[in-house]
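Text of upload_3.txt, listed as compact mmCIF, C-alpha atoms:
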# COMPACT_ATOMS: atom_id res chain seq x y z
CA MET A 1 -30.64 134.34 -10.00
CA THR A 2 -27.98 131.98 -11.14
CA THR A 3 -27.58 130.82 -14.70
CA ASP A 4 -27.56 127.06 -15.10
CA PRO A 5 -24.13 125.87 -16.23
CA PRO A 6 -24.21 123.58 -19.28
CA SER A 7 -25.11 119.96 -18.46
CA PHE A 8 -22.83 117.03 -19.17
CA ALA A 9 -23.54 115.03 -22.32
CA ARG A 10 -25.46 111.75 -22.15
CA PRO A 11 -23.80 108.62 -23.50
CA ARG A 12 -24.76 107.54 -26.99
CA PRO A 13 -26.74 104.27 -27.13
CA GLY A 14 -24.58 101.16 -26.80
CA THR A 15 -21.44 102.97 -25.69
CA GLN A 16 -21.84 102.11 -21.99
CA PRO A 17 -22.73 98.71 -20.49
CA PRO A 18 -26.30 97.97 -19.34
CA TYR A 19 -27.06 97.19 -15.70
CA LEU A 20 -28.54 93.78 -16.51
CA TYR A 21 -26.17 91.63 -18.55
CA PRO A 22 -26.94 87.99 -17.69
CA ASP A 23 -23.69 86.67 -19.18
CA TYR A 24 -22.10 88.42 -16.20
CA ALA A 25 -23.98 86.44 -13.58
CA SER A 26 -23.59 88.90 -10.71
CA THR A 27 -25.72 91.47 -12.53
CA VAL A 28 -28.84 89.28 -12.31
CA LYS A 29 -29.65 90.01 -8.66
CA ARG A 30 -28.03 93.42 -8.49
CA ALA A 31 -29.35 95.28 -11.54
CA PRO A 32 -32.34 97.54 -10.77
CA LYS A 33 -35.55 96.36 -12.42
CA ARG A 34 -37.33 99.69 -12.45
CA ALA A 35 -36.51 102.33 -15.01
CA LEU A 36 -34.04 104.90 -13.73
CA ILE A 37 -35.52 108.34 -13.12
CA PRO A 38 -34.25 110.87 -15.65
CA PHE A 39 -33.22 114.13 -14.05
CA GLU A 40 -31.68 117.23 -15.58
CA HIS A 41 -28.32 118.20 -14.13
CA THR A 42 -28.17 120.78 -11.37
CA LEU A 43 -25.25 122.09 -9.35
CA SER A 44 -25.47 118.82 -7.39
CA GLU A 45 -24.54 116.75 -10.43
CA MET A 46 -22.23 119.21 -12.16
CA THR A 47 -19.96 119.81 -9.21
CA GLY A 48 -17.85 117.14 -7.51
CA PRO A 49 -14.83 116.67 -5.30
CA VAL A 50 -11.75 118.72 -6.16
CA PHE A 51 -8.37 117.01 -5.76
CA SER A 52 -5.98 119.56 -7.21
CA ASP A 53 -4.76 120.56 -3.74
CA ARG A 54 -3.72 116.92 -3.18
CA TRP A 55 -5.66 116.32 0.00
CA ALA A 56 -6.13 112.68 -1.03
CA GLY A 57 -2.52 111.89 -0.21
CA PRO A 58 0.78 111.70 -2.05
CA ASP A 59 1.07 110.28 -5.53
CA ALA A 60 2.01 106.60 -5.62
CA THR A 61 2.97 105.91 -9.21
CA ASP A 62 5.71 103.30 -8.90
CA LEU A 63 4.11 100.03 -7.85
CA THR A 64 7.43 98.21 -8.27
CA ARG A 65 9.10 100.02 -5.37
CA GLN A 66 6.64 99.70 -2.50
CA HIS A 67 8.51 96.84 -0.78
CA PRO A 68 12.13 95.89 -0.06
CA GLY A 69 12.41 93.68 -3.15
CA ALA A 70 11.30 93.91 -6.75
CA PRO A 71 7.99 92.26 -7.65
CA LEU A 72 7.98 89.34 -10.06
CA GLY A 73 6.61 89.94 -13.51
CA GLU A 74 7.03 91.96 -16.63
CA ARG A 75 7.66 95.64 -15.81
CA ILE A 76 5.33 97.97 -17.71
CA ILE A 77 4.83 101.70 -17.99
CA VAL A 78 1.20 102.79 -18.30
CA GLU A 79 0.88 106.35 -19.49
CA GLY A 80 -1.99 108.38 -20.81
CA ARG A 81 -4.20 111.40 -20.44
CA VAL A 82 -7.56 112.12 -18.91
CA LEU A 83 -9.64 113.91 -21.56
CA ASP A 84 -13.24 114.87 -22.00
CA GLU A 85 -15.10 113.75 -25.09
CA ASP A 86 -14.18 117.00 -26.85
CA GLY A 87 -10.52 116.12 -26.38
CA ARG A 88 -9.89 118.72 -23.70
CA PRO A 89 -7.47 117.70 -20.93
CA VAL A 90 -8.92 117.09 -17.47
CA ALA A 91 -6.22 118.41 -15.13
CA GLY A 92 -5.91 117.99 -11.39
CA THR A 93 -8.24 115.02 -11.00
CA LEU A 94 -7.61 111.94 -8.87
CA ILE A 95 -6.81 108.64 -10.58
CA GLU A 96 -6.85 105.47 -8.48
CA LEU A 97 -5.52 102.16 -9.77
CA TRP A 98 -5.53 98.58 -8.50
CA GLN A 99 -4.58 95.22 -9.95
CA CYS A 100 -3.53 91.65 -9.23
CA ASN A 101 0.06 90.44 -9.33
CA ALA A 102 1.82 88.74 -12.23
CA ALA A 103 0.46 85.35 -11.14
CA GLY A 104 -3.15 86.56 -11.20
CA ARG A 105 -3.66 86.96 -7.44
CA TYR A 106 -4.92 90.07 -5.65
CA HIS A 107 -3.45 91.22 -2.37
CA HIS A 108 -6.94 90.94 -0.89
CA PRO A 109 -8.44 88.54 1.68
CA VAL A 110 -11.39 87.66 -0.56
CA ASP A 111 -9.10 86.38 -3.32
CA GLN A 112 -8.50 82.67 -2.71
CA HIS A 113 -7.22 81.81 -6.19
CA ASP A 114 -4.55 79.13 -5.94
CA ALA A 115 -1.72 81.31 -7.22
CA PRO A 116 1.09 82.78 -5.15
CA LEU A 117 0.98 86.15 -3.45
CA ASP A 118 4.04 88.27 -4.14
CA PRO A 119 5.45 89.77 -0.92
CA ASN A 120 6.92 92.57 -3.02
CA PHE A 121 3.71 93.61 -4.72
CA THR A 122 0.58 95.23 -3.31
CA GLY A 123 -0.97 96.47 -6.54
CA ALA A 124 -2.47 99.87 -5.65
CA GLY A 125 -1.51 103.35 -6.79
CA GLN A 126 -2.85 106.85 -7.22
CA VAL A 127 -1.96 110.08 -8.93
CA VAL A 128 -3.45 113.49 -9.61
CA SER A 129 -3.50 114.25 -13.35
CA GLY A 130 -1.11 116.92 -14.60
CA PRO A 131 -1.91 120.20 -16.39
CA ASP A 132 -2.29 118.33 -19.70
CA GLY A 133 -4.42 115.62 -18.05
CA GLY A 134 -1.41 113.33 -18.12
CA TYR A 135 -0.49 110.49 -15.79
CA ARG A 136 2.12 107.73 -15.69
CA PHE A 137 2.48 104.56 -13.63
CA LEU A 138 5.26 101.99 -13.42
CA THR A 139 3.93 98.56 -12.49
CA ILE A 140 4.05 94.94 -13.58
CA LYS A 141 1.74 93.27 -16.07
CA PRO A 142 -1.11 91.61 -14.16
CA GLY A 143 -1.87 87.96 -14.80
CA ALA A 144 -5.13 86.39 -15.99
CA TYR A 145 -7.12 84.57 -13.35
CA PRO A 146 -10.09 82.22 -13.14
CA TRP A 147 -13.44 83.33 -11.77
CA ARG A 148 -16.60 81.39 -11.19
CA ASN A 149 -18.90 83.30 -13.50
CA SER A 150 -19.22 80.19 -15.70
CA PRO A 151 -17.26 76.92 -15.94
CA ASN A 152 -13.58 77.55 -16.72
CA ALA A 153 -14.05 81.30 -17.11
CA TRP A 154 -10.89 83.44 -17.00
CA ARG A 155 -10.61 87.18 -16.71
CA PRO A 156 -8.30 88.77 -19.25
CA ALA A 157 -5.36 90.63 -17.73
CA HIS A 158 -6.63 94.03 -16.61
CA ILE A 159 -5.89 97.02 -14.40
CA HIS A 160 -8.74 98.77 -12.58
CA PHE A 161 -8.84 102.55 -12.97
CA GLY A 162 -11.02 105.06 -11.13
CA VAL A 163 -11.14 108.73 -12.09
CA PHE A 164 -13.35 111.62 -11.00
CA GLY A 165 -13.35 114.45 -13.54
CA PRO A 166 -14.97 117.84 -12.97
CA GLY A 167 -18.40 116.78 -11.69
CA PHE A 168 -20.13 114.03 -9.74
CA VAL A 169 -21.63 112.73 -13.01
CA THR A 170 -18.25 112.44 -14.73
CA ARG A 171 -17.11 109.78 -12.24
CA LEU A 172 -15.74 106.72 -14.02
CA VAL A 173 -14.48 103.38 -12.78
CA THR A 174 -13.24 101.15 -15.56
CA GLN A 175 -10.71 98.47 -16.47
CA MET A 176 -7.76 98.67 -18.83
CA TYR A 177 -6.98 95.62 -20.97
CA PHE A 178 -4.00 94.63 -23.12
CA PRO A 179 -3.95 94.43 -26.92
CA GLY A 180 -4.29 91.03 -28.53
CA ASP A 181 -5.48 89.22 -25.40
CA PRO A 182 -7.34 86.08 -26.58
CA LEU A 183 -9.51 86.15 -23.44
CA LEU A 184 -11.21 89.41 -24.42
CA GLY A 185 -13.55 87.61 -26.80
CA TYR A 186 -14.80 85.41 -23.98
CA ASP A 187 -15.05 87.98 -21.20
CA PRO A 188 -18.61 89.15 -20.46
CA ILE A 189 -17.44 92.19 -18.50
CA PHE A 190 -15.46 93.45 -21.50
CA GLN A 191 -18.17 92.34 -23.95
CA SER A 192 -21.00 94.02 -22.00
CA THR A 193 -20.55 97.24 -23.95
CA ALA A 194 -22.31 96.71 -27.29
CA ASP A 195 -20.51 99.36 -29.33
CA GLU A 196 -17.23 98.08 -30.76
CA GLY A 197 -15.65 101.51 -30.92
CA ALA A 198 -16.44 102.07 -27.27
CA ARG A 199 -14.99 98.65 -26.31
CA GLU A 200 -11.76 99.54 -28.12
CA ARG A 201 -11.40 102.45 -25.72
CA LEU A 202 -10.81 99.85 -22.96
CA ILE A 203 -7.78 98.32 -24.67
CA SER A 204 -4.43 99.98 -24.10
CA GLN A 205 -2.03 100.38 -27.02
CA TYR A 206 1.49 99.09 -27.06
CA ASP A 207 3.73 102.10 -27.67
CA PRO A 208 7.39 101.44 -28.52
CA MET A 209 8.16 105.12 -27.94
CA LEU A 210 7.00 104.71 -24.37
CA SER A 211 9.01 101.57 -23.68
CA GLU A 212 12.29 102.10 -21.87
CA ALA A 213 15.23 100.16 -23.27
CA GLU A 214 16.43 97.28 -21.07
CA TRP A 215 13.76 98.19 -18.53
CA ALA A 216 10.00 98.24 -19.23
CA LEU A 217 7.36 97.92 -21.96
CA GLY A 218 5.11 100.93 -22.56
CA TYR A 219 1.34 100.93 -22.91
CA ARG A 220 -0.75 104.00 -23.63
CA PHE A 221 -4.22 104.35 -22.13
CA ASP A 222 -6.32 107.49 -22.30
CA LEU A 223 -9.36 107.88 -20.08
CA VAL A 224 -12.19 109.77 -21.82
CA LEU A 225 -14.88 111.33 -19.61
CA ARG A 226 -18.25 112.81 -20.42
CA GLY A 227 -17.97 116.35 -21.80
CA ARG A 228 -20.37 119.25 -21.71
CA ALA A 229 -23.57 118.81 -23.70
CA ALA A 230 -23.63 120.65 -26.99
CA THR A 231 -24.42 124.31 -26.68
CA PRO A 232 -27.12 125.57 -29.08
CA ALA A 233 -26.02 124.75 -32.60
CA ASP A 234 -24.02 127.34 -34.51
CA PRO A 235 -25.84 128.74 -37.53
CA VAL A 236 -24.96 126.64 -40.57
CA MET B 1 -16.57 120.92 -35.35
CA ALA B 2 -14.20 118.08 -34.51
CA GLU B 3 -15.71 114.65 -34.07
CA LYS B 4 -16.34 113.77 -30.44
CA LEU B 5 -14.37 111.03 -28.75
CA ILE B 6 -16.35 108.09 -27.38
CA PRO B 7 -16.19 108.22 -23.58
CA THR B 8 -14.54 105.24 -21.91
CA PRO B 9 -17.11 102.59 -20.95
CA SER B 10 -17.61 101.89 -17.28
CA GLN B 11 -16.55 98.49 -15.93
CA THR B 12 -17.41 96.93 -12.61
CA VAL B 13 -15.24 97.66 -9.56
CA GLY B 14 -15.25 93.88 -9.00
CA PRO B 15 -14.87 92.21 -5.60
CA PHE B 16 -11.35 93.47 -4.86
CA PHE B 17 -11.91 97.25 -5.02
CA HIS B 18 -10.85 97.75 -1.40
CA LEU B 19 -7.28 97.38 -2.59
CA GLY B 20 -7.49 100.65 -4.53
CA MET B 21 -10.52 102.40 -3.05
CA ALA B 22 -10.66 101.69 0.69
CA ARG B 23 -10.17 104.94 2.65
CA PRO B 24 -11.72 104.32 6.06
CA GLU B 25 -11.02 107.91 7.12
CA TRP B 26 -13.25 109.21 4.30
CA SER B 27 -16.38 107.89 6.01
CA ASP B 28 -16.20 110.90 8.36
CA LEU B 29 -16.93 114.02 6.31
CA ALA B 30 -17.11 116.11 9.46
CA GLY B 31 -13.57 115.37 10.67
CA GLY B 32 -12.48 118.99 10.22
CA ASN B 33 -15.24 120.28 12.53
CA PRO B 34 -17.26 122.09 9.87
CA ALA B 35 -20.17 124.41 10.68
CA GLY B 36 -23.59 122.82 10.84
CA GLU B 37 -25.55 120.05 12.50
CA LYS B 38 -23.49 116.89 12.83
CA ILE B 39 -25.38 113.77 11.74
CA ALA B 40 -24.70 110.07 11.23
CA ILE B 41 -26.29 107.99 8.49
CA GLU B 42 -26.48 104.22 8.78
CA GLY B 43 -27.97 101.68 6.46
CA ARG B 44 -27.72 98.45 4.61
CA VAL B 45 -27.33 97.52 0.96
CA THR B 46 -29.33 94.48 -0.20
CA ASP B 47 -29.82 92.67 -3.51
CA GLY B 48 -32.81 91.20 -5.35
CA ASP B 49 -32.99 88.29 -2.90
CA GLY B 50 -32.90 90.63 0.08
CA ALA B 51 -29.39 89.35 0.80
CA PRO B 52 -26.78 91.79 2.12
CA VAL B 53 -24.27 93.17 -0.37
CA PRO B 54 -20.92 92.94 1.44
CA ASP B 55 -18.92 94.24 -1.51
CA ALA B 56 -20.45 97.62 -2.26
CA ILE B 57 -18.85 101.02 -1.87
CA ILE B 58 -20.75 104.28 -1.57
CA GLU B 59 -19.51 107.74 -2.47
CA LEU B 60 -21.16 110.87 -1.10
CA TRP B 61 -21.08 114.43 -2.40
CA GLN B 62 -22.87 117.25 -0.68
CA ALA B 63 -23.08 120.97 -0.06
CA ASN B 64 -22.02 122.51 3.23
CA ALA B 65 -24.43 123.67 5.94
CA ALA B 66 -25.01 126.95 4.08
CA GLY B 67 -25.88 125.08 0.87
CA ARG B 68 -22.67 125.81 -1.03
CA TYR B 69 -20.65 123.20 -2.90
CA ASN B 70 -16.89 123.36 -2.47
CA HIS B 71 -16.29 123.49 -6.22
CA PRO B 72 -15.33 126.31 -8.63
CA ASP B 73 -18.56 125.94 -10.65
CA ASP B 74 -20.60 126.88 -7.59
CA ALA B 75 -19.65 130.52 -7.87
CA ARG B 76 -22.35 132.03 -5.68
CA THR B 77 -20.85 134.66 -3.46
CA ASP B 78 -23.85 134.99 -1.12
CA LYS B 79 -23.14 131.57 0.42
CA PRO B 80 -19.76 131.00 2.08
CA ILE B 81 -17.36 128.14 1.41
CA ASP B 82 -16.61 126.32 4.66
CA PRO B 83 -12.82 125.80 4.71
CA ASN B 84 -13.38 122.86 7.07
CA PHE B 85 -15.72 120.97 4.75
CA ARG B 86 -14.92 119.32 1.42
CA GLY B 87 -18.25 117.57 1.03
CA PHE B 88 -16.91 114.28 -0.30
CA GLY B 89 -16.96 110.92 1.44
CA ARG B 90 -16.69 107.22 0.78
CA VAL B 91 -17.66 104.12 2.75
CA ALA B 92 -17.56 100.41 1.95
CA THR B 93 -20.20 97.99 3.24
CA ASP B 94 -19.23 95.39 5.83
CA ALA B 95 -19.89 91.64 5.80
CA GLU B 96 -23.57 92.29 6.65
CA GLY B 97 -23.95 94.91 3.91
CA ARG B 98 -23.99 97.71 6.48
CA PHE B 99 -22.40 101.13 6.32
CA ARG B 100 -22.15 104.22 8.55
CA VAL B 101 -21.00 107.73 7.73
CA VAL B 102 -20.72 110.89 9.81
CA THR B 103 -21.26 114.27 8.18
CA ILE B 104 -23.18 117.52 8.61
CA LYS B 105 -26.65 118.18 7.31
CA PRO B 106 -26.34 120.06 4.02
CA GLY B 107 -28.22 123.26 3.33
CA PRO B 108 -30.66 123.64 0.43
CA VAL B 109 -29.08 124.24 -2.99
CA PRO B 110 -30.39 125.84 -6.18
CA GLY B 111 -32.08 123.71 -8.80
CA ARG B 112 -32.64 124.56 -12.43
CA GLY B 113 -34.19 127.90 -13.14
CA ASN B 114 -35.35 129.47 -9.91
CA ALA B 115 -36.15 126.22 -8.11
CA LEU B 116 -34.70 125.40 -4.72
CA GLN B 117 -33.67 121.81 -3.95
CA ALA B 118 -34.27 120.42 -0.49
CA PRO B 119 -31.17 119.39 1.48
CA HIS B 120 -29.77 116.19 0.01
CA ILE B 121 -26.61 114.13 -0.34
CA ASN B 122 -25.67 112.84 -3.79
CA ILE B 123 -24.81 109.15 -3.84
CA ALA B 124 -22.86 106.95 -6.24
CA LEU B 125 -22.93 103.24 -5.48
CA PHE B 126 -20.37 100.78 -6.82
CA ALA B 127 -20.33 97.01 -6.41
CA ARG B 128 -19.36 93.73 -7.93
CA GLY B 129 -22.20 93.01 -10.37
CA LEU B 130 -22.71 96.68 -11.23
CA LEU B 131 -21.11 97.30 -14.61
CA THR B 132 -21.83 100.99 -14.10
CA HIS B 133 -22.28 102.68 -10.74
CA LEU B 134 -25.77 103.73 -9.66
CA PHE B 135 -26.72 107.27 -8.70
CA THR B 136 -29.30 108.17 -6.11
CA ARG B 137 -29.84 110.84 -3.43
CA ILE B 138 -30.38 110.87 0.30
CA TYR B 139 -33.04 113.33 1.45
CA PHE B 140 -34.17 113.81 5.06
CA ALA B 141 -37.67 112.65 5.99
CA ASP B 142 -38.07 115.39 8.63
CA GLU B 143 -37.26 118.24 6.25
CA ALA B 144 -40.12 120.62 5.38
CA ALA B 145 -38.42 121.76 2.16
CA ASN B 146 -38.95 118.29 0.64
CA ALA B 147 -42.46 119.37 -0.42
CA GLY B 148 -41.02 121.82 -2.95
CA ASP B 149 -38.10 119.73 -4.17
CA PRO B 150 -38.09 119.29 -7.97
CA LEU B 151 -36.79 115.71 -7.97
CA LEU B 152 -39.02 114.42 -5.17
CA SER B 153 -42.01 116.16 -6.73
CA SER B 154 -41.32 114.51 -10.08
CA ILE B 155 -41.56 110.98 -8.66
CA GLU B 156 -45.20 109.86 -8.84
CA ASP B 157 -44.78 106.46 -7.18
CA ASP B 158 -45.03 107.03 -3.45
CA ALA B 159 -42.82 104.08 -2.46
CA ALA B 160 -40.12 105.15 -4.91
CA ARG B 161 -40.19 108.69 -3.54
CA ARG B 162 -40.03 107.44 0.03
CA SER B 163 -37.02 105.28 -0.84
CA LEU B 164 -35.01 108.52 -1.04
CA LEU B 165 -35.89 109.67 2.48
CA ALA B 166 -33.51 108.95 5.36
CA ARG B 167 -35.56 108.34 8.51
CA PRO B 168 -34.48 110.04 11.75
CA ALA B 169 -33.94 107.86 14.82
CA GLN B 170 -35.19 109.22 18.15
CA GLY B 171 -32.95 110.60 20.87
CA THR B 172 -29.53 109.93 19.40
CA SER B 173 -26.51 112.18 19.46
CA PRO B 174 -25.30 113.04 16.92
CA ALA B 175 -28.66 112.85 15.13
CA LEU B 176 -28.87 109.48 13.44
CA TYR B 177 -30.63 108.80 10.17
CA HIS B 178 -31.36 105.44 8.62
CA PHE B 179 -31.09 104.93 4.87
CA ASP B 180 -31.20 101.51 3.19
CA ILE B 181 -30.34 100.89 -0.43
CA VAL B 182 -32.26 98.11 -2.18
CA LEU B 183 -30.69 97.29 -5.53
CA GLN B 184 -33.60 95.29 -6.88
CA GLY B 185 -37.12 94.10 -6.06
CA GLU B 186 -40.15 95.08 -4.00
CA ASN B 187 -38.67 98.07 -2.16
CA GLU B 188 -36.18 98.98 -4.85
CA THR B 189 -34.45 102.31 -4.30
CA ALA B 190 -35.19 105.01 -6.86
CA PHE B 191 -32.03 105.34 -8.94
CA LEU B 192 -31.32 108.29 -11.18
CA ASP B 193 -30.55 108.56 -14.87
CA ILE B 194 -28.25 111.58 -14.83
Can the structure in the file be given as structure tokens, please?
Amino acid sequence: MTTDPPSFARPRPGTQPPYLYPDYASTVKRAPKRALIPFEHTLSEMTGPVFSDRWAGPDATDLTRQHPGAPLGERIIVEGRVLDEDGRPVAGTLIELWQCNAAGRYHHPVDQHDAPLDPNFTGAGQVVSGPDGGYRFLTIKPGAYPWRNSPNAWRPAHIHFGVFGPGFVTRLVTQMYFPGDPLLGYDPIFQSTADEGARERLISQYDPMLSEAEWALGYRFDLVLRGRAATPADPV
Amino acid sequence: MAEKLIPTPSQTVGPFFHLGMARPEWSDLAGGNPAGEKIAIEGRVTDGDGAPVPDAIIELWQANAAGRYNHPDDARTDKPIDPNFRGFGRVATDAEGRFRVVTIKPGPVPGRGNALQAPHINIALFARGLLTHLFTRIYFADEAANAGDPLLSSIEDDAARRSLLARPAQGTSPALYHFDIVLQGENETAFLDI
């Protein structure tokens, strides 16, 4: 019979957000109340969609050139790598990205925030990670925007990222934030992860080496996925 | 051994995920005319008040009709890869919280050890209000192999176990199954810690 491939590691306590986090009001009616059912990984969990043959469509990494004109806002380069928790590159996996425009408005019918749409900015991109797990987008810095979670609540500027990794259980959808944003301290979505080191993972780093002179500021953002669970310990 | 990196925390997809995730064509997994029995699955996602969830998005991952995953880690040579079937799909809910996908019924797949798992579709559910996506599985209520399935057998609560069974509708073509997802409350779906 088949040998079971090694499972993926479980998150350490506090390093992922809980389902119920009342400060984020939408969790109250949507978080399951029953305990989740623990189940050891099988082929069903350890395999997942493969994107290396690019069936998901062409890369769209320059969000500033999807329309006749240039979008308003501060041009930024977002570059990083998809890694597993052992630091190994995750090559050939799909990354999807979406964000609001520089004024804090999404190109989406549900978004009725009283800020202008930008006819030259849609705010969606995708790329398949390279052999070293690397990716790079050119976009504009998204604006902050109000939301009705609590009176006068504002979301810090953020870019949504989705990534798949090698198995169905490595799937990750997250948000990238910007260093030094004063709104981070007030944002329940960012604060929902208890572990400070884990929260830091959500904040991109300004990287002067990545900035392009007279053109765009550079931010580095690595996406770290679950790795394989430890194999039996080596003899000490 | 080098210190492990902390994996990136999950964050909600929020209410505007369609902008980056909507792929209407991915709700038909059977578009390439794969081998197997074509089926449709319809259902509704509701919250703790029983209200529809109009901003959820469901991802599906499944084996082909022979029970083989189209993935390099499923290296079994006795089951063929179907070149016309990837096994991955995605569908967003509509304003009434409803969704519909078309696919083929998967074959049984190996479990841990020598166990065999009944045919099932792996589900990840994303929504505004979910800081992390939820995992569950769709099994088929009219499938005899369910009796020996390790996951179904491990669930003692009958209602929780039944929440994983898609119910066949009568006399429809392609065969139609109904599968609701209840995020919270009385008939809460059994979600997995995996």
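Every protein or nucleic acid residue with an atom no more than 9 Å from stretch 146-162 of chain B, counting only C-alpha atoms and leaving out same-chain residues fewer than 3 positions away, appears here: Ile37 and Phe39 of chain A; Gly111, Arg112, Ala115, Leu116, Gln117, Ala118, Pro119, Tyr139, Phe140, Ala141, Asp142, Glu143, Leu165, Ala166, Asn187, Glu188, Thr189 and Ala190 of chain B.
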Would you compute the distance between atom CA of A:Leu202 and atom CA of B:Pro9? Give it in Å to one decimal.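 Interatomic distance here is 7.2 Å.
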Ranking A:Trp98, A:Tyr219, A:Phe8, A:Trp154 by minimum distance to chain B and counting only C-alpha atoms, which one comes first?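 With only C-alpha atoms as the atom set, the closest residue is A:Trp98.
The space separating atom CA of B:Leu164 from atom CA of B:Ile138 comes to 5.4 Å.
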Stretch 83-85 of chain B environment, 10 Å, all atoms listed in the file, sequence neighbours closer than 5 positions dropped, as an MDAnalysis selection string: chainID B and resid 29:35 62:65 69:70 103:104
For a cut-off of 10 Å around (-21.2, 101.0, -11.2), file coordinates, pick out all residues using only C-alpha atoms and list them as a ChimeraX atom specification. /A:17,19,31,171-174 /B:10-14,56-57,124-135
For chain B, which residue out of A:Leu217, A:Ile77, A:Ala70, A:Ala229 is the nearest one, using only C-alpha atoms? A:Ala229
Could you work out an axis-aligned box for stretch 104-111 of chain A, taking every atom the file lists and adding 3 Å on each side, and report centre and edge lengths in Å to one decimal, as AutoDock Vina command-line options?
--center_x -7.3 --center_y 88.8 --center_z -4.8 --size_x 14.2 --size_y 10.8 --size_z 18.9
From the block I gave, I'd like stretch 124-136 of chain B written with N, CA and C atoms, as a PDB file, in the first residue's frame.
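Saved file part.pdb follows:
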ATOM      1  N   ALA B 124     -13.129  24.597   0.991  1.00  0.00           N
ATOM      2  CA  ALA B 124     -12.649  25.723   1.802  1.00  0.00           C
ATOM      3  C   ALA B 124     -13.632  26.859   1.586  1.00  0.00           C
ATOM      4  N   LEU B 125     -14.079  27.453   2.678  1.00  0.00           N
ATOM      5  CA  LEU B 125     -15.094  28.505   2.604  1.00  0.00           C
ATOM      6  C   LEU B 125     -14.517  29.807   3.151  1.00  0.00           C
ATOM      7  N   PHE B 126     -14.627  30.845   2.349  1.00  0.00           N
ATOM      8  CA  PHE B 126     -14.120  32.170   2.723  1.00  0.00           C
ATOM      9  C   PHE B 126     -15.303  33.145   2.775  1.00  0.00           C
ATOM     10  N   ALA B 127     -15.241  34.109   3.662  1.00  0.00           N
ATOM     11  CA  ALA B 127     -16.299  35.123   3.707  1.00  0.00           C
ATOM     12  C   ALA B 127     -15.828  36.327   4.520  1.00  0.00           C
ATOM     13  N   ARG B 128     -16.477  37.431   4.285  1.00  0.00           N
ATOM     14  CA  ARG B 128     -16.390  38.528   5.255  1.00  0.00           C
ATOM     15  C   ARG B 128     -16.781  37.959   6.617  1.00  0.00           C
ATOM     16  N   GLY B 129     -16.078  38.331   7.669  1.00  0.00           N
ATOM     17  CA  GLY B 129     -16.413  37.803   8.991  1.00  0.00           C
ATOM     18  C   GLY B 129     -15.713  36.499   9.331  1.00  0.00           C
ATOM     19  N   LEU B 130     -15.047  35.897   8.371  1.00  0.00           N
ATOM     20  CA  LEU B 130     -14.203  34.725   8.656  1.00  0.00           C
ATOM     21  C   LEU B 130     -12.754  35.183   8.573  1.00  0.00           C
ATOM     22  N   LEU B 131     -12.106  35.264   9.723  1.00  0.00           N
ATOM     23  CA  LEU B 131     -10.707  35.703   9.740  1.00  0.00           C
ATOM     24  C   LEU B 131      -9.808  34.649   9.112  1.00  0.00           C
ATOM     25  N   THR B 132     -10.236  33.393   9.233  1.00  0.00           N
ATOM     26  CA  THR B 132      -9.569  32.268   8.588  1.00  0.00           C
ATOM     27  C   THR B 132     -10.650  31.495   7.850  1.00  0.00           C
ATOM     28  N   HIS B 133     -10.318  30.928   6.707  1.00  0.00           N
ATOM     29  CA  HIS B 133     -11.323  30.148   5.995  1.00  0.00           C
ATOM     30  C   HIS B 133     -11.673  28.889   6.789  1.00  0.00           C
ATOM     31  N   LEU B 134     -12.814  28.325   6.484  1.00  0.00           N
ATOM     32  CA  LEU B 134     -13.273  27.094   7.125  1.00  0.00           C
ATOM     33  C   LEU B 134     -13.123  25.938   6.142  1.00  0.00           C
ATOM     34  N   PHE B 135     -12.722  24.781   6.684  1.00  0.00           N
ATOM     35  CA  PHE B 135     -12.636  23.573   5.864  1.00  0.00           C
ATOM     36  C   PHE B 135     -13.788  22.636   6.208  1.00  0.00           C
ATOM     37  N   THR B 136     -14.351  22.028   5.203  1.00  0.00           N
ATOM     38  CA  THR B 136     -15.286  20.942   5.429  1.00  0.00           C
ATOM     39  C   THR B 136     -15.193  20.007   4.224  1.00  0.00           C
TER      40      THR B 136
END
